[in-house]
Amino acid sequence: MTDEFFERVYNPQILAELEAAFGPFVQRHIDLPVATEAMHTMVDKMRRAKKPRRAEVVLLVPNPAGDIWLHTKAFYPAGTYRLMTGGLEFGESPVLAARRETREETGFVVELTRCLGVITYRFLNEAEPLPFASYLFLTTPGQGRPSPTDPGENITDFVAVPPAELIKTAHQLRSLEGRFADWGTFRAIPHELAAAELAK
């Protein structure tokens, strides 16, 4: 069964344009069961009729030393940090979304240097499976400490970590339990891909 909203944000033309701009990139597909509360809530929001969401950008924004900025929010489990992400708006390309979201979440105006990869998912639960895509981008360094321009982001703190520590972040996310268990698995996957690509 096709999903018209997904086809608008993930299709051969978009992938071809990314490859033309950034060169070859890795692609992964994950079937992810959805069973716990935080992920159910996220999937419900993705399905909403007025603004359905089928794709996001994952932002790897370094500081001048080359460390990657992670963020946390008030409702995350204590001590949980992750890469910044943001949804694609209707009719928006992944590149434009990455630039907009970087500015909103950090205040930085940066350039995109690499597309590290594209991950597609199929979220599985009792309802119809939901397709989703994550586009991973590396940017030029931001200067200073991030300062969100959109208060709706609800970001409460930032920390910068060496690229090699992204795999440690992934392990921490995968170790989350209870209502955040599936969400942690979902959020760990881009960190694992990014760590592998930056290590090459």
# chains A, B, ... in the order shown; residues from 1 in each chain; ligands from 1
call {"tool": "select_by_dssp", "arguments": {"residues": "segment 8-191 of chain A", "states": "alpha helix (DSSP H)", "output": "count of residues only"}}
result
57
call {"tool": "select_by_dssp", "arguments": {"residues": "segment 38-174 of chain A", "states": "strand (DSSP E)", "output": "ChimeraX atom specification"}}
result
/A:55-60,68-73,84-87,112-124,130-139,155-161
call {"tool": "write_last_selection", "arguments": {"atoms": "C-alpha atoms", "output": "compact mmCIF listing (two decimals), in the first residue's frame"}}
result
# COMPACT_ATOMS: atom_id res chain seq x y z
CA ALA A 55 10.53 12.43 7.16
CA GLU A 56 13.07 14.30 9.23
CA VAL A 57 16.57 15.67 9.00
CA VAL A 58 19.21 14.55 11.50
CA LEU A 59 21.76 17.30 12.12
CA LEU A 60 25.43 16.78 12.84
CA ILE A 68 29.32 17.33 17.55
CA TRP A 69 26.55 19.15 19.39
CA LEU A 70 23.92 17.03 21.14
CA HIS A 71 20.84 18.37 22.90
CA THR A 72 18.32 17.36 25.54
CA LYS A 73 14.76 18.38 26.42
CA MET A 84 19.16 17.33 16.80
CA THR A 85 16.36 16.46 14.38
CA GLY A 86 13.52 18.29 12.66
CA GLY A 87 10.65 17.40 10.39
CA LEU A 112 25.82 21.43 4.51
CA THR A 113 29.02 19.56 3.68
CA ARG A 114 27.88 15.91 3.48
CA CYS A 115 24.84 13.74 3.31
CA LEU A 116 26.00 10.95 5.60
CA GLY A 117 23.12 8.65 4.81
CA VAL A 118 19.40 8.07 4.46
CA ILE A 119 17.52 5.68 6.72
CA THR A 120 14.03 4.46 5.91
CA TYR A 121 11.82 2.88 8.54
CA ARG A 122 8.59 0.98 8.73
CA PHE A 123 6.99 1.50 12.13
CA LEU A 124 4.99 -1.60 13.00
CA LEU A 130 3.88 3.77 8.84
CA PRO A 131 6.82 4.63 6.53
CA PHE A 132 9.35 7.24 7.61
CA ALA A 133 12.74 8.54 6.46
CA SER A 134 15.70 10.22 8.18
CA TYR A 135 18.20 12.28 6.17
CA LEU A 136 21.56 12.72 7.94
CA PHE A 137 23.58 15.87 7.22
CA LEU A 138 26.98 17.10 8.40
CA THR A 139 27.38 20.89 8.47
CA ILE A 155 15.69 22.46 24.32
CA THR A 156 17.10 22.70 27.84
CA ASP A 157 20.82 21.98 27.33
CA PHE A 158 23.57 21.21 24.82
CA VAL A 159 26.78 19.22 25.07
CA ALA A 160 29.47 18.70 22.42
CA VAL A 161 31.08 15.28 22.06
call {"tool": "atom_distance", "arguments": {"atom1": "atom CA of Pro141 of chain A", "atom2": "atom CA of Asn63 of chain A"}}
result
4.9 Å
